[in-house]
Structure formats: C-alpha cells, structure tokens
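Have a look at the structure below, then the notes.
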Amino acid sequence: MNASGTWVLTLDLVGTFAFAVNGALTAVRLARLDIVGVITLGMITALGGGILRDILLGTLPPTTFSDWRYLLVAALGGLLAFSLSGQLGRLSTPITILDAAGLSLFAVSGAATTLSLGLGVGQAVILGGITGVGGGTVRDVLIGRVPSVLRSELYAIPALVGAAVLVGAQRAGMGSPLGALLGAGCCFAVRMLGVGLSLNAPRPPQT
Amino acid sequence: MNASGTWVLTLDLVGTFAFAVNGALTAVRLARLDIVGVITLGMITALGGGILRDILLGTLPPTTFSDWRYLLVAALGGLLAFSLSGQLGRLSTPITILDAAGLSLFAVSGAATTLSLGLGVGQAVILGGITGVGGGTVRDVLIGRVPSVLRSELYAIPALVGAAVLVGAQRAGMGSPLGALLGAGCCFAVRMLGVGLSLNAPRPPQT
Amino acid sequence: MNASGTWVLTLDLVGTFAFAVNGALTAVRLARLDIVGVITLGMITALGGGILRDILLGTLPPTTFSDWRYLLVAALGGLLAFSLSGQLGRLSTPITILDAAGLSLFAVSGAATTLSLGLGVGQAVILGGITGVGGGTVRDVLIGRVPSVLRSELYAIPALVGAAVLVGAQRAGMGSPLGALLGAGCCFAVRMLGVGLSLNAPRPPQT
C-alpha cells in the first residue's frame with residue numbers, strides 16, 4: 001500500500017470510529033439494550049453502509065468485513081460508547097462533527113468504488129448515498145424506528161451531493177484525491193449548514 | 001436484444017413504474033416523510049424484489065440496479081407520487097390494477113430467471129414470490145409496519161401461484177412466452193379476485 | 001457425501017426444524033398473521049442466519065436456499081407450528097431445548113464454514129454468531145419488535161462463545177468433529193444456564 005492508500009485508510013477508519021460511537025450512543029438513548037446490543041448496533045452503524053454497497057457491487061466478502069481493522073475499530077467505538085454513554089451524551093457537538101466527517105468520507109469512498117468497478121454515474125451517486133446512510137438506516141430499523149434519514153434533517157442529501165461532486169470531478173478529468181476532497185468538503189459543508197440552520201428536505205404537499 | 005427481449009423489458013419497466021408509484025403513495029399515506037424518503041421508498045418498492053432475488057441468485061450487481069432504465073423509471077414513479085400524492089390517492093382502482101400487473105410480471109420473471117440459472121422448481125416458486133412481494137416488504141419494514149403481505153389479503157399467494165404455473169408450464173414443455181403469459185394471467189386473476197371479494201389467507205386456529 | 005457429512009447434515013436439519021417451529025410459534029404469539037406469514041416467518045427464522053452468513057461470505061446462491069432439503073424441513077416446521085400453535089405453545093420446555101440445540105449447531109457450523117474459506121478468527125466468531133441469531137433477528141424486525149437478542153437474555157453470547165471455542169480448538173490443532181462438538185456443547189451449556197438462571201447480559205450504566 002502506498003502513501004495515498006494509507007491516507008485513505010486512515011480517514012476511513014476515523015469515519016468508522018465516529019459512526020460506531022454515534023450509532024451506539026443513539027442505540028443507548030432510544031432503546032433498552034444490553035452490552036451485546038449496544039456494541040452490535042455500533043458496529044452495524046459503522047460497517048452497514050459499506051457492507052450494503054459491497055453486496056450490491058458483488059465484491060464479497062465485503063471489504064469492511066474481511067479487513068479486521070474495520071471490525072476492531074468499530075467494536076472499540078461501540079465499547080467506548082457503552083462504557084461512557086453518560087458522559088459522551090453531553091459531547092453532542094464534537095460527535096455531530098465527527099459524524100458529518102464520517103458521512104462525507106463514506107459518501108465519496110462509496111461513489112469512487114462504484115466508478116472504479118465500471119458502473120455508471122447514477123449508480124455511483126446512489127451507492128455513495130447508501131454507503132453514507134445505510135448503516136444508520138439498518139440500526140434504526142433494528143431499534144424499531146422509522147429511519148431518521150427518511151423523515152427529517154438534511155442527511156441523505158449531503159451524501160448524494162458529495163457523491164455527485166466526486167463523480168462530476170472525475171468525469172471532468174480531475175485527479176482522484178482532489179475530487180474526493182472536493183466531494184467530501186461539499187458533503188460536510190451541506191451537512192453542517194443543515195445542522196446549523198435546522199434545515200429539512202421538502203415534504204409532500206398536503207391536500 | 002431481439003423483439004421478444006424488448007417486449008419483456010417493456011412489461012418489466014411498466015411493472016417497475018406501477019410499483020414505484022404505489023410504493024411511494026403508501027409511504028406518503030402511512031409515514032411523515034420528506035422528498036428523499038418518498039422517492040427512496042418508491043424506488044425500494046419497485047426495485048427491492050428484483051434486488052433480493054439477484055442477491056439470492058448471486059447475479060451481482062443486480063440487474064435492476066446496474067441497468068439505469070430501471071433506476072430512472074423507478075425514480076420518476078416516486079417523484080410523480082411525491083408531486084401528486086393528493087390527486088393520485090383518489091385513483092385507487094387504476095393503481096390497484098397496475099400494482100396487480102406489476103406483481104404478476106415480477107412473479108413470472110423471478111421464477112423464469114431462477115429456472116434459467118439451473119435452480120430447482122421449489123426455488124423458482126419461492127423466488128417468484130420474493131421478486132413480487134420483496135420490495136413492498138422492505139418498504140413496510142422501513143416505515144415501521146408489519147409487512148401487509150404477512151398479515152392480510154391475498155398478495156403473496158397470487159405471486160406464488162403465478163410462479164408455480166410458469167414453472168409447471170415450462171416443465172410441461174410449453175414455450176417460454178406462453179408459459180409466462182399463463183402464469184402472469186393466473187397471478188393477476190387470483191389477485192384481482194382477492195381484491196374484489198376481500199379474501200384473506202387462513203389464520204392460525206385460535207385456542 | 002461421506003458418513004461424517006451425513007451426520008453434520010442430519011444435525012443441521014434438526015436445528016433447521018427446531019428453529020422453524022420456534023420461529024413460527026413466536027410469530028403466531030406476537031403478531032396477527034395469516035398462513036403465508038406464519039410459514040414465511042418460520043422459514044426465515046430457520047434459514048435466515050445461514051443466508052446472511054452466505055451473503056457475507058459471497059457463497060451464493062446460499063447453501064440453505066439452493067439445497068431443497070433445508071427448504072422442505074423449514075416449511076414443514078412452519079406448517080406444523082401453524083396447525084398446532086395452540087398445543088405446541090404449552091410445550092415450552094422441549095422447544096427451548098431444541099432451540100438451544102439449533103443455536104449451538106448453527107454457531108459452530110457458521111464459524112467452521114468461515115474458517116474453511118480462509119477468513120480470520122474474528123470473522124469466524126462473528127459469523128458463527130450471525131448464523132445463530134440472524135434468522136430470529138430478521139423475524140423480529142418483520143413483526144415490528146426490537147430483536148430480543150439485542151435486549152435481553154443470554155442468546156448472542158452463547159453463540160459467540162460456541163463459535164470462539166470451535167475456532168480456538170481448530171487453531172490448537174484439534175480435529176474438526178471434536179472441536180465442533182466442544183463448541184456446540186459450550187454454547188448449549190451457556191444458553192441453558194442462562195435460561196435456568198434467567199441471566200441477562202450487562203446493560204449500559206445509568207447516569
């Protein structure tokens with residue numbers, strides 16, 4: 001693995017850790033679970049999006065499952081959230097920021113992986129979105145909630161925007177790291193703007 | 001692609017559109033969702049059954065995901081339902097008919113695909129059923145309902161009947177388009193009969 | 001298939017039958033379902049864990065789906081539970097014992113399959129757990145409950161223990177049938193101990 005690969009892996013593991021902590025904290029807050037449940041839901045939040053992406057791409061076993069570093073980082077994030085759920089619950093701002101960073105990294109890595117396997121532009125944008133929001137969606141279903149991504153806040157849209165920017169940048173001939181940075185930056189900016197302004201996506205017209 | 005292939009594709013896309021409109025309308029009616037949620041659930045209803053079938057068959061990426069026409073038609077159906085949910089809600093009869101047509105087409109195409117890959121008769125009937133009802137099942141889980149296919153109305157049974165008729169016709173040496181027509185016709189007839197007479201499948205004996 | 005293969009297959013089918021009966025009875029008790037729903041949920045409980053495992057391993061179509069004997073045994077278990085739900089509901093002790101046996105067999109077979117495909121120790125333990133608890137988890141999600149494995153009782157932990165014992169035994173050079181027996185025995189013992197003493201896994205500290 002070269003220097004660029006190490007860099008991407010590091011970012012990916014940071015995103016995985018942030019998602020695991022955040023996913024496990026959400027699980028603790030919303031459902032009465034035991035230690036197995038909390039760590040499992042942390043790991044599912046962190047790894048679920050990448051696993052769904054790899055199933056749809058047919059690259060099985062999924063990367064985030066066959067590489068033990070992802071499993072370990074996700075399990076540690078879940079364990080940390082289980083042990084310190086009281087204290088971490090108060091750190092909502094840093095956790096929201098880390099979560100937005102994870103969303104951005106996963107969205108662009110999902111889109112880039114899809115393009116590299118030769119699928120089309122639409123598929124890359126959709127799989128960028130699924131990689132970003134899939135883990136949290138599976139977690140919400142398991143604790144019996146309608147996934148928040150379907151109901152409220154700008155969460156899927158930043159991921160789709162970030163994936164689309166990466167796809168556009170690559171189609172425009174921009175180098176891979178630069179396009180990824182641009183896509184992740186757009187996703188992060190839209191997400192944090194949404195959080196700051198409490199924006200929501202449009203709802204169906206009431207008649 | 002020859003003339004017969006075009007004909008099958010056209011029917012498949014009609015079924016996809018009907019399922020996307022119907023799935024998105026159900027989502028609007030039963031859960032408070034934003035535009036991302038409504039279109040996503042419409043697409044999942046339309047494409048989910050075929051994706052589950054292709055995962056179980058190991059033909060990845062799934063056809064309905066890698067072919068952009070399915071994605072486009074499903075997204076348009078979801079968008080239409082989002083925009084016109086008030087008006088379309090009143091068109092319940094045409095939508096029920098379109099949905100039964102989609103169910104019939106998906107059941108026979110699921111069973112035929114399974115047979116063509118060399119799996120057995122039982123697998124073909126089951127995968128015909130899963131192709132027909134899988135998308136709606138995933139949608140219902142995501143909006144927090146027990147899937148209606150498990151609870152009420154004749155919905156899975158017509159799909160299983162249609163798939164079984166196609167399998168029987170092929171085993172009896174009947175040509176592929178004719179067997180598919182017969183299977184889809186049986187599924188459609190049983191489904192519309194169930195709707196007309198408000199039939200339900202048997203429930204467990206109460207003791 | 002040699003004598004040892006027949007032996008493993010027999011145990012696997014016994015586990016499948018126990019899971020189908022137990023899964024269908026749970027479905028009858030907790031949700032108002034028709035015959036399609038009950039048999040479907042029995043089959044999903046029995047086959048779901050192995051299907052999830054095979055999807056994650058990329059061995060598609062899944063063994064428990066392509067081999068008709070698993071489908072038949074699972075369907076018969078669901079049909080039996082549908083027909084005799086009143087009477088079987090009273091046989092809770094034998095059903096709990098059979099279910100613990102199924103859990104033990106699935107946990108060790110999931111872990112052994114993972115090792116035989118060359119994945120790591122951590123993956124084998126996790127997939128042993130998923131094979132054991134995956135089917136019941138999907139069933140619970142479909143009937144709108146937070147999966148009991150995440151909330152209460154020692155259910156996932158025995159499966160993980162059994163899988164870990166098998167992995168340790170194989171790494172220590174112990175022959176395959178002996179290690180499987182030891183792993184399954186540990187899983188069964190921990191599970192029945194948990195049932196007998198009403199043990200639960202630890203919960204997050206309340207603050």
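By order of appearance in the structure tokens: chains A, B, ..., then residues from 1 within every chain, and ligands from 1 in the order shown.
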Show me, as a PyMOL selection string, the residues of chain A whose atoms get within 6 Å of chain C, using only C-alpha atoms for the distance check. chain A and resi 33-35+37+60-61+82+86+142-144
Leaving out stretch 18-27 of chain C and any residue of its chain fewer than 5 positions from it, which residues lie within 8 Å of it when counting only C-alpha atoms, given as a PyMOL selection string? chain C and resi 33+38-39+41-46+74-75+77-78+80-82+85+88-89+95+98-99+102+136+139+143
Output for the residues just chosen: N, CA, C and O atoms as a JSON list (two decimals), in the first residue's frame:
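Generated file (result.json):
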```
[["chain", "number", "residue", "atom", "x", "y", "z"],
["C", 33, "LEU", "N", -51.09, -12.92, 12.06],
["C", 33, "LEU", "CA", -50.60, -13.26, 10.73],
["C", 33, "LEU", "C", -51.50, -14.31, 10.09],
["C", 33, "LEU", "O", -52.19, -15.05, 10.77],
["C", 38, "VAL", "N", -47.10, -16.96, 8.72],
["C", 38, "VAL", "CA", -46.54, -17.86, 9.73],
["C", 38, "VAL", "C", -45.47, -18.77, 9.11],
["C", 38, "VAL", "O", -44.36, -18.91, 9.66],
["C", 39, "ILE", "N", -45.79, -19.38, 7.98],
["C", 39, "ILE", "CA", -44.80, -20.28, 7.37],
["C", 39, "ILE", "C", -43.59, -19.49, 6.89],
["C", 39, "ILE", "O", -42.44, -19.92, 7.06],
["C", 41, "LEU", "N", -42.37, -16.73, 8.14],
["C", 41, "LEU", "CA", -41.52, -16.34, 9.27],
["C", 41, "LEU", "C", -40.83, -17.55, 9.89],
["C", 41, "LEU", "O", -39.69, -17.43, 10.36],
["C", 42, "GLY", "N", -41.49, -18.72, 9.88],
["C", 42, "GLY", "CA", -40.80, -19.92, 10.33],
["C", 42, "GLY", "C", -39.60, -20.22, 9.44],
["C", 42, "GLY", "O", -38.50, -20.51, 9.94],
["C", 43, "MET", "N", -39.79, -20.13, 8.13],
["C", 43, "MET", "CA", -38.68, -20.41, 7.21],
["C", 43, "MET", "C", -37.57, -19.37, 7.35],
["C", 43, "MET", "O", -36.38, -19.70, 7.29],
["C", 44, "ILE", "N", -37.96, -18.09, 7.53],
["C", 44, "ILE", "CA", -36.94, -17.05, 7.67],
["C", 44, "ILE", "C", -36.14, -17.27, 8.95],
["C", 44, "ILE", "O", -34.91, -17.13, 8.96],
["C", 45, "THR", "N", -36.82, -17.62, 10.04],
["C", 45, "THR", "CA", -36.10, -17.89, 11.30],
["C", 45, "THR", "C", -35.10, -19.03, 11.12],
["C", 45, "THR", "O", -33.97, -18.97, 11.60],
["C", 46, "ALA", "N", -35.54, -20.06, 10.39],
["C", 46, "ALA", "CA", -34.70, -21.24, 10.25],
["C", 46, "ALA", "C", -33.55, -21.02, 9.26],
["C", 46, "ALA", "O", -32.44, -21.51, 9.47],
["C", 74, "ALA", "N", -37.73, -26.69, 6.70],
["C", 74, "ALA", "CA", -38.15, -25.41, 7.29],
["C", 74, "ALA", "C", -39.64, -25.18, 7.05],
["C", 74, "ALA", "O", -40.38, -24.74, 7.94],
["C", 75, "ALA", "N", -40.12, -25.49, 5.83],
["C", 75, "ALA", "CA", -41.53, -25.30, 5.53],
["C", 75, "ALA", "C", -42.40, -26.22, 6.37],
["C", 75, "ALA", "O", -43.46, -25.81, 6.88],
["C", 77, "GLY", "N", -41.68, -27.42, 9.33],
["C", 77, "GLY", "CA", -41.67, -26.90, 10.70],
["C", 77, "GLY", "C", -42.66, -25.75, 10.85],
["C", 77, "GLY", "O", -43.41, -25.68, 11.83],
["C", 78, "GLY", "N", -42.68, -24.83, 9.88],
["C", 78, "GLY", "CA", -43.61, -23.71, 9.93],
["C", 78, "GLY", "C", -45.06, -24.18, 9.83],
["C", 78, "GLY", "O", -45.93, -23.68, 10.55],
["C", 80, "LEU", "N", -46.26, -27.14, 10.67],
["C", 80, "LEU", "CA", -46.61, -27.81, 11.92],
["C", 80, "LEU", "C", -46.97, -26.79, 12.99],
["C", 80, "LEU", "O", -47.99, -26.92, 13.69],
["C", 81, "ALA", "N", -46.16, -25.73, 13.10],
["C", 81, "ALA", "CA", -46.43, -24.71, 14.11],
["C", 81, "ALA", "C", -47.74, -24.00, 13.82],
["C", 81, "ALA", "O", -48.50, -23.66, 14.73],
["C", 82, "PHE", "N", -48.04, -23.77, 12.54],
["C", 82, "PHE", "CA", -49.30, -23.12, 12.17],
["C", 82, "PHE", "C", -50.49, -23.99, 12.60],
["C", 82, "PHE", "O", -51.46, -23.49, 13.17],
["C", 85, "SER", "N", -50.49, -24.57, 16.75],
["C", 85, "SER", "CA", -49.93, -23.50, 17.58],
["C", 85, "SER", "C", -50.48, -23.54, 18.99],
["C", 85, "SER", "O", -49.77, -23.26, 19.95],
["C", 88, "LEU", "N", -48.71, -26.64, 20.78],
["C", 88, "LEU", "CA", -47.25, -26.51, 20.90],
["C", 88, "LEU", "C", -46.87, -25.40, 21.87],
["C", 88, "LEU", "O", -45.82, -25.45, 22.50],
["C", 89, "GLY", "N", -47.73, -24.38, 21.97],
["C", 89, "GLY", "CA", -47.43, -23.27, 22.86],
["C", 89, "GLY", "C", -47.20, -23.74, 24.29],
["C", 89, "GLY", "O", -46.47, -23.10, 25.06],
["C", 95, "ILE", "N", -39.29, -27.08, 23.47],
["C", 95, "ILE", "CA", -38.98, -26.17, 22.36],
["C", 95, "ILE", "C", -37.79, -25.29, 22.70],
["C", 95, "ILE", "O", -36.92, -25.05, 21.84],
["C", 98, "LEU", "N", -34.78, -27.59, 22.16],
["C", 98, "LEU", "CA", -34.49, -27.76, 20.74],
["C", 98, "LEU", "C", -33.90, -26.49, 20.14],
["C", 98, "LEU", "O", -32.98, -26.54, 19.32],
["C", 99, "ASP", "N", -34.43, -25.34, 20.56],
["C", 99, "ASP", "CA", -33.92, -24.08, 20.04],
["C", 99, "ASP", "C", -32.47, -23.87, 20.44],
["C", 99, "ASP", "O", -31.65, -23.43, 19.63],
["C", 102, "GLY", "N", -30.41, -25.95, 18.20],
["C", 102, "GLY", "CA", -30.27, -25.31, 16.90],
["C", 102, "GLY", "C", -29.25, -24.19, 16.93],
["C", 102, "GLY", "O", -28.37, -24.08, 16.06],
["C", 136, "GLY", "N", -33.63, -15.29, 13.66],
["C", 136, "GLY", "CA", -34.57, -14.75, 14.64],
["C", 136, "GLY", "C", -34.61, -13.23, 14.62],
["C", 136, "GLY", "O", -35.66, -12.62, 14.86],
["C", 139, "ARG", "N", -36.74, -12.17, 11.68],
["C", 139, "ARG", "CA", -38.15, -12.40, 12.05],
["C", 139, "ARG", "C", -38.67, -11.30, 12.96],
["C", 139, "ARG", "O", -39.75, -10.74, 12.71],
["C", 143, "ILE", "N", -41.85, -8.57, 12.32],
["C", 143, "ILE", "CA", -43.07, -8.43, 13.10],
["C", 143, "ILE", "C", -43.03, -7.19, 13.99],
["C", 143, "ILE", "O", -43.84, -7.03, 14.90]]
```
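If you count only C-alpha atoms and ignore residues fewer than 5 places along the chain from B:Gly183, what sits within 6 Å of it is Gly162, Val165 and Leu166 of chain B.
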Write to file, as a JSON list (two decimals), in the first residue's frame, the residues of the selection just made, with all heavy atoms.
```json
[["chain", "number", "residue", "atom", "x", "y", "z"],
["B", 162, "GLY", "N", -48.74, -17.73, -9.59],
["B", 162, "GLY", "CA", -48.24, -17.35, -10.92],
["B", 162, "GLY", "C", -46.90, -17.99, -11.21],
["B", 162, "GLY", "O", -46.65, -18.52, -12.31],
["B", 165, "VAL", "N", -47.36, -21.74, -11.83],
["B", 165, "VAL", "CA", -47.93, -22.02, -13.15],
["B", 165, "VAL", "C", -46.85, -21.91, -14.23],
["B", 165, "VAL", "O", -46.73, -22.78, -15.10],
["B", 165, "VAL", "CB", -49.11, -21.07, -13.45],
["B", 165, "VAL", "CG1", -49.50, -21.13, -14.92],
["B", 165, "VAL", "CG2", -50.29, -21.41, -12.56],
["B", 166, "LEU", "N", -46.02, -20.87, -14.14],
["B", 166, "LEU", "CA", -44.93, -20.75, -15.11],
["B", 166, "LEU", "C", -43.99, -21.94, -15.03],
["B", 166, "LEU", "O", -43.61, -22.51, -16.06],
["B", 166, "LEU", "CB", -44.14, -19.47, -14.87],
["B", 166, "LEU", "CG", -42.87, -19.39, -15.74],
["B", 166, "LEU", "CD1", -42.87, -18.16, -16.60],
["B", 166, "LEU", "CD2", -41.61, -19.52, -14.94]]
```
Looking at A:Leu47, A:Val161, A:Ala100, A:Leu127, which one is nearest to A:Val73, with distances taken over only C-alpha atoms? A:Leu47
Pick out each residue of stretch 10-102 of chain A that DSSP on the backbone tags as alpha helix (DSSP H); I need them as a ChimeraX atom specification. /A:10-30,35-57,63-66,68-83,85-88,92-102
Using atom CA of C:Phe65 and atom CA of A:Thr63 as the two end points, give the distance in Å to one decimal.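 It comes out at 24.3 Å.
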